[in-house]
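Participant: Below: one structure in structure tokens.
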Amino acid sequence: MRLHMLCVSPSPTRKILEESRLPAWATDHQKLITPDIKNSHSAPEVVLLPSGAPSPASLTQIVAAGDITGDGRTDFFATAGIGTDDQLWAFTGYHGATIDQAILLSASWKSLDIVTVQDVSGDGIADLVYRSDLTGRLMLRKGLADAGGGVSPASLATEAGSSGGADTVYGSSGWYSSSVLLLHGTPDANGDRIPDIWTTRSDGSVRFYSGSRTALSGPGTVIVGPTSHWKTRIAIG
């Protein structure tokens with residue numbers, strides 16, 4: 001079995017699972033190293049990816065999903081730049097040093113960003129919220145339950161295969177990457193049991209968007225006013 005080596009800092013060890021947009025990678029063959037933003041003196045952690053996974057050097061985004069498959073282990077979604085297009089991947093069964101499965105969900109993911117993979121609709125099954133940089137919208141794709149428990153990753157691969165058979169508009173306008181520099185979906189932060197979204201905007205402000213079961217409303221809450229400092233940040237979390 002061919003294994004990739006994915007190196008991440010262990011402080012905290014789940015750091016790989018929490019970044020919504022990856023910082024610049026340093027790669028050495030199949031070894032992927034991320035700088036430890038919080039503890040620059042700690043040694044990197046090595047995580048082995050299964051055979052068939054994309055090269056760590058091609059990864060452009062990694063988003064934590066928690067345990068969405070029901071096996072008791074953390075899962076995460078990732079995008080990889082392959083050739084002239086991007087791909088959407090699910091990495092399931094994180095053991096701390098290995099990943100059980102790497103599942104290619106879509107070979108056509110260009111101009112799309114993962115925002116969150118959590119239960120948004122409230123039916124107990126994980127959903128996918130993503131941004132289209134072609135339309136400036138956020139879209140919601142509802143997941144289907146797997147016979148073995150949790151979500152069926154395949155139901156998040158295409159609009160047609162999802163619950164309801166169609167993606168719905170979750171954020172109606174103004175979400176272009178030129179305006180919203182960073183998007184970071186998080187578990188519920190305000191006590192309503194719905195996942196939320198944090199952003200940094202082109203004016204340097206940080207905004208909080210309270211999640212909705214159907215679609216976001218309003219301009220969000222300004223947490224940090226416009227400042228040049230937040231225009232150059234590479235991650236929220």
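Labeling convention for the structure tokens: chains A, B, ... as they appear, residues from 1 per chain, ligands from 1 in order of appearance.
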Determine which residues of range 15-170 of chain A receive a DSSP assignment of strand (DSSP E or B), computed from the backbone, and state them as an MDAnalysis selection string.

Facilitator: chainID A and resid 26:28 31:33 45:49 59:66 74:82 85:94 98:106 112:118 127:132 137:141 145 151 168:170

Participant: Show me, as a Markdown table, the residues of range 47-136 of chain A having an atom within 7 Å of range 209-221 of chain A, each with the closest atom pair and its distance in Å, using only C-alpha atoms.

Facilitator:
| residue | atom | partner | partner_atom | distance |
| --- | --- | --- | --- | --- |
| A:Val120 | CA | A:Arg213 | CA | 5.5 |
| A:Ser121 | CA | A:Arg213 | CA | 4.6 |
| A:Gly122 | CA | A:Arg213 | CA | 6.7 |

Participant: If you keep C-alpha atoms, can you produce a file of those selected residues as a short mmCIF file (atom, residue, chain, number, x, y, z; two decimals), in the first residue's frame?

Facilitator:
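Just written: again_0.cif:
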data_model
loop_
_atom_site.label_atom_id
_atom_site.label_comp_id
_atom_site.auth_asym_id
_atom_site.auth_seq_id
_atom_site.Cartn_x
_atom_site.Cartn_y
_atom_site.Cartn_z
CA VAL A 120 -27.24 22.51 9.17
CA SER A 121 -30.82 21.45 8.39
CA GLY A 122 -31.40 19.85 11.80
#

Participant: Just want the 12 Å neighbourhood of His229 in chain A, counted on only C-alpha atoms, with same-chain residues fewer than 2 positions away dropped. Output as a CSV table (one decimal) with N, CA, C and O atoms, in the first residue's frame.

Facilitator:
chain,number,residue,atom,x,y,z
A,200,THR,N,-13.6,37.0,7.4
A,200,THR,CA,-12.8,38.3,7.3
A,200,THR,C,-13.2,38.9,6.0
A,200,THR,O,-13.3,38.2,5.0
A,201,ARG,N,-13.3,40.2,5.9
A,201,ARG,CA,-13.8,40.9,4.7
A,201,ARG,C,-12.7,41.8,4.2
A,201,ARG,O,-11.7,42.0,4.8
A,202,SER,N,-12.9,42.2,2.9
A,202,SER,CA,-11.9,43.0,2.2
A,202,SER,C,-11.6,44.3,2.9
A,202,SER,O,-10.5,44.9,2.7
A,203,ASP,N,-12.5,44.8,3.8
A,203,ASP,CA,-12.2,46.1,4.5
A,203,ASP,C,-11.4,45.8,5.8
A,203,ASP,O,-11.1,46.7,6.5
A,204,GLY,N,-11.1,44.5,6.0
A,204,GLY,CA,-10.3,44.2,7.2
A,204,GLY,C,-11.2,43.9,8.5
A,204,GLY,O,-10.6,43.8,9.6
A,205,SER,N,-12.5,43.8,8.3
A,205,SER,CA,-13.4,43.5,9.4
A,205,SER,C,-13.6,42.0,9.6
A,205,SER,O,-13.4,41.3,8.7
A,206,VAL,N,-13.9,41.6,10.8
A,206,VAL,CA,-14.3,40.3,11.1
A,206,VAL,C,-15.7,40.2,11.5
A,206,VAL,O,-16.2,41.0,12.3
A,224,VAL,N,-14.9,42.6,14.9
A,224,VAL,CA,-13.7,43.5,14.8
A,224,VAL,C,-13.9,44.4,13.7
A,224,VAL,O,-14.2,44.0,12.5
A,225,GLY,N,-13.8,45.7,14.0
A,225,GLY,CA,-14.0,46.7,12.9
A,225,GLY,C,-12.9,46.7,11.9
A,225,GLY,O,-11.8,46.0,12.1
A,226,PRO,N,-13.0,47.4,10.8
A,226,PRO,CA,-12.0,47.4,9.7
A,226,PRO,C,-10.6,47.7,10.2
A,226,PRO,O,-10.4,48.7,11.0
A,227,THR,N,-9.7,46.9,9.9
A,227,THR,CA,-8.3,47.1,10.3
A,227,THR,C,-7.4,46.4,9.3
A,227,THR,O,-7.8,45.3,8.8
A,231,LYS,N,-6.6,42.0,7.0
A,231,LYS,CA,-6.6,41.8,5.5
A,231,LYS,C,-5.6,40.7,5.1
A,231,LYS,O,-5.7,40.2,4.0
A,232,THR,N,-4.6,40.4,5.9
A,232,THR,CA,-3.5,39.5,5.6
A,232,THR,C,-3.5,38.2,6.3
A,232,THR,O,-2.6,37.5,6.3
A,233,ARG,N,-4.6,38.0,7.1
A,233,ARG,CA,-4.6,36.7,7.9
A,233,ARG,C,-4.9,35.6,6.9
A,233,ARG,O,-5.6,35.7,5.9
A,234,ILE,N,-4.3,34.4,7.3
A,234,ILE,CA,-4.5,33.2,6.4
A,234,ILE,C,-5.4,32.2,7.0
A,234,ILE,O,-5.7,31.2,6.4

Participant: List the spatial neighbours of Leu138 in chain A as a list in words - criterion: any atom at most 8 Å away, only C-alpha atoms, same-chain residues fewer than 2 positions off excluded.

Facilitator: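 Answer for this query is Val129, Tyr130, Arg131, Ser132, Gly136, Leu140, Val169, Tyr170, Gly171, Ser172, Ser173 and Trp175 of chain A.
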
Participant: Can you write out the residues you just picked, keeping all heavy atoms, as a CSV table (one decimal), in the first residue's frame?

Facilitator:
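Final file, result_29.csv:
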chain,number,residue,atom,x,y,z
A,129,VAL,N,-22.1,23.1,3.2
A,129,VAL,CA,-22.3,24.5,2.7
A,129,VAL,C,-21.0,24.9,2.0
A,129,VAL,O,-19.9,24.7,2.5
A,129,VAL,CB,-22.5,25.5,3.9
A,129,VAL,CG1,-22.6,26.9,3.4
A,129,VAL,CG2,-23.8,25.1,4.6
A,130,TYR,N,-21.2,25.4,0.8
A,130,TYR,CA,-20.0,25.8,0.0
A,130,TYR,C,-20.3,27.1,-0.7
A,130,TYR,O,-21.4,27.6,-0.8
A,130,TYR,CB,-19.7,24.7,-1.1
A,130,TYR,CG,-20.7,24.5,-2.2
A,130,TYR,CD1,-20.6,25.2,-3.4
A,130,TYR,CD2,-21.8,23.6,-2.0
A,130,TYR,CE1,-21.5,25.1,-4.4
A,130,TYR,CE2,-22.7,23.5,-3.0
A,130,TYR,CZ,-22.6,24.2,-4.2
A,130,TYR,OH,-23.5,24.0,-5.2
A,131,ARG,N,-19.1,27.8,-1.1
A,131,ARG,CA,-19.2,29.0,-1.8
A,131,ARG,C,-18.9,28.8,-3.2
A,131,ARG,O,-18.0,28.1,-3.6
A,131,ARG,CB,-18.2,30.0,-1.2
A,131,ARG,CG,-18.1,31.3,-2.1
A,131,ARG,CD,-17.3,32.4,-1.4
A,131,ARG,NE,-15.9,32.0,-1.2
A,131,ARG,CZ,-15.0,32.9,-0.6
A,131,ARG,NH1,-15.4,34.0,-0.2
A,131,ARG,NH2,-13.8,32.5,-0.4
A,132,SER,N,-19.7,29.5,-4.1
A,132,SER,CA,-19.4,29.6,-5.5
A,132,SER,C,-18.8,30.9,-5.8
A,132,SER,O,-19.5,32.0,-5.6
A,132,SER,CB,-20.7,29.3,-6.4
A,132,SER,OG,-20.4,29.7,-7.7
A,136,GLY,N,-21.0,34.3,-6.4
A,136,GLY,CA,-21.0,35.0,-5.2
A,136,GLY,C,-22.0,34.6,-4.2
A,136,GLY,O,-22.4,35.4,-3.3
A,140,LEU,N,-26.3,25.4,-0.1
A,140,LEU,CA,-26.5,24.3,0.9
A,140,LEU,C,-26.9,23.0,0.2
A,140,LEU,O,-27.8,23.0,-0.6
A,140,LEU,CB,-27.6,24.7,1.9
A,140,LEU,CG,-28.1,23.6,2.8
A,140,LEU,CD1,-27.0,23.2,3.8
A,140,LEU,CD2,-29.3,24.1,3.6
A,169,VAL,N,-30.0,28.0,-2.1
A,169,VAL,CA,-29.2,29.2,-1.8
A,169,VAL,C,-29.2,29.4,-0.3
A,169,VAL,O,-30.2,29.5,0.3
A,169,VAL,CB,-29.8,30.4,-2.5
A,169,VAL,CG1,-29.0,31.7,-2.1
A,169,VAL,CG2,-29.7,30.2,-4.0
A,170,TYR,N,-28.0,29.5,0.3
A,170,TYR,CA,-27.8,29.7,1.7
A,170,TYR,C,-27.4,31.1,2.0
A,170,TYR,O,-27.7,31.6,3.1
A,170,TYR,CB,-26.8,28.7,2.3
A,170,TYR,CG,-26.8,28.5,3.8
A,170,TYR,CD1,-27.9,28.0,4.4
A,170,TYR,CD2,-25.7,29.0,4.5
A,170,TYR,CE1,-27.9,27.9,5.8
A,170,TYR,CE2,-25.7,28.8,5.9
A,170,TYR,CZ,-26.8,28.3,6.5
A,170,TYR,OH,-26.8,28.2,7.9
A,171,GLY,N,-26.6,31.7,1.1
A,171,GLY,CA,-26.2,33.1,1.2
A,171,GLY,C,-26.4,33.7,-0.2
A,171,GLY,O,-25.8,33.3,-1.1
A,172,SER,N,-27.3,34.7,-0.3
A,172,SER,CA,-27.9,35.1,-1.6
A,172,SER,C,-26.9,35.9,-2.5
A,172,SER,O,-27.0,35.8,-3.7
A,172,SER,CB,-29.2,35.8,-1.4
A,172,SER,OG,-29.0,37.0,-0.6
A,173,SER,N,-26.1,36.7,-1.9
A,173,SER,CA,-25.2,37.6,-2.7
A,173,SER,C,-24.1,38.1,-1.8
A,173,SER,O,-24.1,38.1,-0.6
A,173,SER,CB,-26.0,38.7,-3.3
A,173,SER,OG,-26.5,39.6,-2.3
A,175,TRP,N,-20.9,37.2,-1.6
A,175,TRP,CA,-19.9,36.3,-1.0
A,175,TRP,C,-18.7,36.0,-1.9
A,175,TRP,O,-18.0,35.0,-1.6
A,175,TRP,CB,-20.6,35.0,-0.6
A,175,TRP,CG,-21.6,35.2,0.5
A,175,TRP,CD1,-22.9,35.5,0.4
A,175,TRP,CD2,-21.4,35.1,1.9
A,175,TRP,NE1,-23.5,35.6,1.6
A,175,TRP,CE2,-22.6,35.4,2.5
A,175,TRP,CE3,-20.2,34.8,2.6
A,175,TRP,CZ2,-22.7,35.4,3.9
A,175,TRP,CZ3,-20.3,34.8,4.0
A,175,TRP,CH2,-21.5,35.1,4.6

Participant: One decimal, Å: what's the distance from CA of Ile103 in chain A over to CA of Ser51 in chain A, could you say?

Facilitator: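 Separating CA of Ile103 in chain A from CA of Ser51 in chain A is a distance of 10.5 Å.
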
Participant: Determine the nearest neighbour of Gln61 in chain A from the options A:Ser108, A:Pro153, A:Leu182, A:Tyr94, counting only C-alpha atoms.

Facilitator: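 Once distances to Gln61 in chain A are computed over only C-alpha atoms, the minimum belongs to A:Leu182.
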
Participant: Mind checking which residues fall within 6 Å of range 163-167 of chain A, counting only C-alpha atoms, ignoring those fewer than 2 positions away in the same chain, and posting them as an MDAnalysis selection string?

Facilitator: chainID A and resid 140:144 159:161

Participant: I need the residues of range 2-230 of chain A that end up classed as helix (DSSP H, G or I) by DSSP on the backbone, written out as a PyMOL selection string.

Facilitator: chain A and resi 15-18+56-58+153-156+228-230

Participant: Keeping only all heavy atoms, write the selected residues to a file as an mmCIF file, in the first residue's frame.

Facilitator:
data_model
loop_
_atom_site.group_PDB
_atom_site.id
_atom_site.type_symbol
_atom_site.label_atom_id
_atom_site.label_comp_id
_atom_site.auth_asym_id
_atom_site.auth_seq_id
_atom_site.Cartn_x
_atom_site.Cartn_y
_atom_site.Cartn_z
ATOM 1 N N LYS A 15 -5.151 20.414 14.698
ATOM 2 C CA LYS A 15 -4.977 21.610 13.888
ATOM 3 C C LYS A 15 -5.279 21.354 12.421
ATOM 4 O O LYS A 15 -5.897 22.169 11.753
ATOM 5 C CB LYS A 15 -3.552 22.140 14.037
ATOM 6 C CG LYS A 15 -3.251 23.335 13.158
ATOM 7 C CD LYS A 15 -1.873 23.849 13.462
ATOM 8 C CE LYS A 15 -1.391 24.785 12.391
ATOM 9 N NZ LYS A 15 -2.321 25.852 12.106
ATOM 10 N N ILE A 16 -4.837 20.195 11.898
ATOM 11 C CA ILE A 16 -5.089 19.869 10.502
ATOM 12 C C ILE A 16 -6.576 19.882 10.201
ATOM 13 O O ILE A 16 -7.011 20.221 9.109
ATOM 14 C CB ILE A 16 -4.502 18.489 10.149
ATOM 15 C CG1 ILE A 16 -4.817 18.151 8.694
ATOM 16 C CG2 ILE A 16 -5.019 17.412 11.037
ATOM 17 C CD1 ILE A 16 -4.232 16.852 8.247
ATOM 18 N N LEU A 17 -7.391 19.545 11.180
ATOM 19 C CA LEU A 17 -8.821 19.423 10.961
ATOM 20 C C LEU A 17 -9.561 20.726 11.129
ATOM 21 O O LEU A 17 -10.745 20.808 10.851
ATOM 22 C CB LEU A 17 -9.395 18.383 11.941
ATOM 23 C CG LEU A 17 -8.693 17.041 11.951
ATOM 24 C CD1 LEU A 17 -9.281 16.158 13.028
ATOM 25 C CD2 LEU A 17 -8.804 16.369 10.602
ATOM 26 N N GLU A 18 -8.884 21.771 11.570
ATOM 27 C CA GLU A 18 -9.578 22.999 11.918
ATOM 28 C C GLU A 18 -9.359 24.138 10.931
ATOM 29 O O GLU A 18 -10.035 25.143 10.992
ATOM 30 C CB GLU A 18 -9.170 23.453 13.310
ATOM 31 C CG GLU A 18 -9.624 22.487 14.391
ATOM 32 C CD GLU A 18 -9.212 22.931 15.766
ATOM 33 O OE1 GLU A 18 -8.238 23.693 15.880
ATOM 34 O OE2 GLU A 18 -9.855 22.510 16.742
ATOM 35 N N PRO A 56 -0.271 15.366 -0.955
ATOM 36 C CA PRO A 56 -0.425 16.461 0.009
ATOM 37 C C PRO A 56 -0.069 17.824 -0.566
ATOM 38 O O PRO A 56 -0.635 18.834 -0.167
ATOM 39 C CB PRO A 56 0.526 16.064 1.140
ATOM 40 C CG PRO A 56 0.598 14.573 1.058
ATOM 41 C CD PRO A 56 0.548 14.256 -0.411
ATOM 42 N N ALA A 57 0.864 17.846 -1.530
ATOM 43 C CA ALA A 57 1.271 19.118 -2.130
ATOM 44 C C ALA A 57 0.145 19.773 -2.914
ATOM 45 O O ALA A 57 0.176 20.972 -3.161
ATOM 46 C CB ALA A 57 2.482 18.901 -3.038
ATOM 47 N N SER A 58 -0.862 18.988 -3.307
ATOM 48 C CA SER A 58 -1.965 19.526 -4.116
ATOM 49 C C SER A 58 -3.115 20.053 -3.265
ATOM 50 O O SER A 58 -4.014 20.709 -3.779
ATOM 51 C CB SER A 58 -2.498 18.445 -5.064
ATOM 52 O OG SER A 58 -3.195 17.434 -4.348
ATOM 53 N N PRO A 153 -21.281 9.858 2.360
ATOM 54 C CA PRO A 153 -20.458 10.877 1.707
ATOM 55 C C PRO A 153 -20.843 11.094 0.248
ATOM 56 O O PRO A 153 -20.771 12.222 -0.256
ATOM 57 C CB PRO A 153 -19.038 10.312 1.838
ATOM 58 C CG PRO A 153 -19.082 9.474 3.078
ATOM 59 C CD PRO A 153 -20.448 8.835 3.028
ATOM 60 N N ALA A 154 -21.290 10.024 -0.413
ATOM 61 C CA ALA A 154 -21.662 10.145 -1.825
ATOM 62 C C ALA A 154 -22.810 11.116 -2.025
ATOM 63 O O ALA A 154 -22.932 11.737 -3.093
ATOM 64 C CB ALA A 154 -22.031 8.771 -2.381
ATOM 65 N N SER A 155 -23.662 11.286 -1.000
ATOM 66 C CA SER A 155 -24.799 12.199 -1.139
ATOM 67 C C SER A 155 -24.369 13.658 -1.132
ATOM 68 O O SER A 155 -25.147 14.539 -1.512
ATOM 69 C CB SER A 155 -25.821 11.947 -0.027
ATOM 70 O OG SER A 155 -25.325 12.374 1.236
ATOM 71 N N LEU A 156 -23.150 13.923 -0.712
ATOM 72 C CA LEU A 156 -22.616 15.286 -0.715
ATOM 73 C C LEU A 156 -21.742 15.548 -1.936
ATOM 74 O O LEU A 156 -21.198 16.635 -2.083
ATOM 75 C CB LEU A 156 -21.823 15.542 0.562
ATOM 76 C CG LEU A 156 -22.613 15.399 1.867
ATOM 77 C CD1 LEU A 156 -21.693 15.599 3.069
ATOM 78 C CD2 LEU A 156 -23.786 16.369 1.916
ATOM 79 N N SER A 228 -6.291 46.952 8.937
ATOM 80 C CA SER A 228 -5.406 46.365 7.927
ATOM 81 C C SER A 228 -4.854 45.015 8.376
ATOM 82 O O SER A 228 -4.526 44.164 7.548
ATOM 83 C CB SER A 228 -4.255 47.323 7.620
ATOM 84 O OG SER A 228 -3.490 47.588 8.802
ATOM 85 N N HIS A 229 -4.762 44.799 9.699
ATOM 86 C CA HIS A 229 -4.212 43.557 10.227
ATOM 87 C C HIS A 229 -4.957 42.327 9.696
ATOM 88 O O HIS A 229 -4.347 41.322 9.323
ATOM 89 C CB HIS A 229 -4.263 43.587 11.752
ATOM 90 C CG HIS A 229 -3.895 42.293 12.408
ATOM 91 N ND1 HIS A 229 -2.591 41.886 12.582
ATOM 92 C CD2 HIS A 229 -4.674 41.291 12.920
ATOM 93 C CE1 HIS A 229 -2.568 40.720 13.179
ATOM 94 N NE2 HIS A 229 -3.817 40.318 13.402
ATOM 95 N N TRP A 230 -6.286 42.403 9.644
ATOM 96 C CA TRP A 230 -7.082 41.232 9.272
ATOM 97 C C TRP A 230 -7.155 41.031 7.761
ATOM 98 O O TRP A 230 -7.667 39.997 7.306
ATOM 99 C CB TRP A 230 -8.479 41.365 9.861
ATOM 100 C CG TRP A 230 -8.497 40.995 11.312
ATOM 101 C CD1 TRP A 230 -8.485 41.840 12.373
ATOM 102 C CD2 TRP A 230 -8.487 39.679 11.854
ATOM 103 N NE1 TRP A 230 -8.462 41.141 13.541
ATOM 104 C CE2 TRP A 230 -8.487 39.801 13.265
ATOM 105 C CE3 TRP A 230 -8.488 38.386 11.287
ATOM 106 C CZ2 TRP A 230 -8.472 38.696 14.117
ATOM 107 C CZ3 TRP A 230 -8.491 37.291 12.144
ATOM 108 C CH2 TRP A 230 -8.483 37.444 13.525
#

Participant: At a cut-off of 8 Å, using only C-alpha atoms, what residues contact Ile68 in chain A? Leave out same-chain residues fewer than 3 positions from it and give the result as number ranges by chain.

Facilitator: A: 65, 74-75, 118, 125-126, 150-151

Participant: Keeping only all heavy atoms, write those residues as an mmCIF file, in the first residue's frame.

Facilitator:
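That gives us again.cif:
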data_model
loop_
_atom_site.group_PDB
_atom_site.id
_atom_site.type_symbol
_atom_site.label_atom_id
_atom_site.label_comp_id
_atom_site.auth_asym_id
_atom_site.auth_seq_id
_atom_site.Cartn_x
_atom_site.Cartn_y
_atom_site.Cartn_z
ATOM 1 N N ALA A 65 -14.951 18.057 9.985
ATOM 2 C CA ALA A 65 -16.367 17.704 9.922
ATOM 3 C C ALA A 65 -16.835 17.007 11.181
ATOM 4 O O ALA A 65 -18.021 16.715 11.312
ATOM 5 C CB ALA A 65 -16.622 16.804 8.709
ATOM 6 N N THR A 74 -13.028 11.173 13.815
ATOM 7 C CA THR A 74 -13.160 12.435 13.107
ATOM 8 C C THR A 74 -12.986 12.249 11.607
ATOM 9 O O THR A 74 -12.143 11.472 11.152
ATOM 10 C CB THR A 74 -12.119 13.442 13.620
ATOM 11 O OG1 THR A 74 -12.361 13.687 15.004
ATOM 12 C CG2 THR A 74 -12.212 14.761 12.873
ATOM 13 N N ASP A 75 -13.762 12.977 10.845
ATOM 14 C CA ASP A 75 -13.658 13.005 9.388
ATOM 15 C C ASP A 75 -13.378 14.442 8.954
ATOM 16 O O ASP A 75 -13.666 15.383 9.691
ATOM 17 C CB ASP A 75 -14.970 12.534 8.749
ATOM 18 C CG ASP A 75 -15.451 11.216 9.340
ATOM 19 O OD1 ASP A 75 -14.676 10.245 9.307
ATOM 20 O OD2 ASP A 75 -16.591 11.171 9.836
ATOM 21 N N GLN A 118 -21.474 20.043 8.350
ATOM 22 C CA GLN A 118 -22.117 19.753 9.619
ATOM 23 C C GLN A 118 -23.624 19.654 9.387
ATOM 24 O O GLN A 118 -24.108 19.934 8.290
ATOM 25 C CB GLN A 118 -21.816 20.858 10.643
ATOM 26 C CG GLN A 118 -20.337 21.027 10.956
ATOM 27 C CD GLN A 118 -20.099 22.104 12.001
ATOM 28 O OE1 GLN A 118 -20.546 21.993 13.136
ATOM 29 N NE2 GLN A 118 -19.404 23.162 11.615
ATOM 30 N N ILE A 125 -28.266 14.652 10.115
ATOM 31 C CA ILE A 125 -27.365 14.193 9.064
ATOM 32 C C ILE A 125 -26.543 15.377 8.569
ATOM 33 O O ILE A 125 -27.075 16.470 8.347
ATOM 34 C CB ILE A 125 -28.149 13.562 7.887
ATOM 35 C CG1 ILE A 125 -29.047 12.434 8.389
ATOM 36 C CG2 ILE A 125 -27.189 13.061 6.820
ATOM 37 C CD1 ILE A 125 -28.312 11.301 9.058
ATOM 38 N N ALA A 126 -25.253 15.164 8.367
ATOM 39 C CA ALA A 126 -24.366 16.248 7.952
ATOM 40 C C ALA A 126 -24.737 16.784 6.569
ATOM 41 O O ALA A 126 -25.126 16.030 5.666
ATOM 42 C CB ALA A 126 -22.917 15.772 7.948
ATOM 43 N N GLY A 150 -24.734 7.561 10.194
ATOM 44 C CA GLY A 150 -24.099 8.785 9.749
ATOM 45 C C GLY A 150 -24.561 9.187 8.360
ATOM 46 O O GLY A 150 -25.583 8.724 7.851
ATOM 47 N N VAL A 151 -23.774 10.051 7.725
ATOM 48 C CA VAL A 151 -24.107 10.523 6.395
ATOM 49 C C VAL A 151 -23.462 9.635 5.339
ATOM 50 O O VAL A 151 -22.397 9.049 5.560
ATOM 51 C CB VAL A 151 -23.648 11.983 6.199
ATOM 52 C CG1 VAL A 151 -22.119 12.075 6.138
ATOM 53 C CG2 VAL A 151 -24.268 12.613 4.958
#
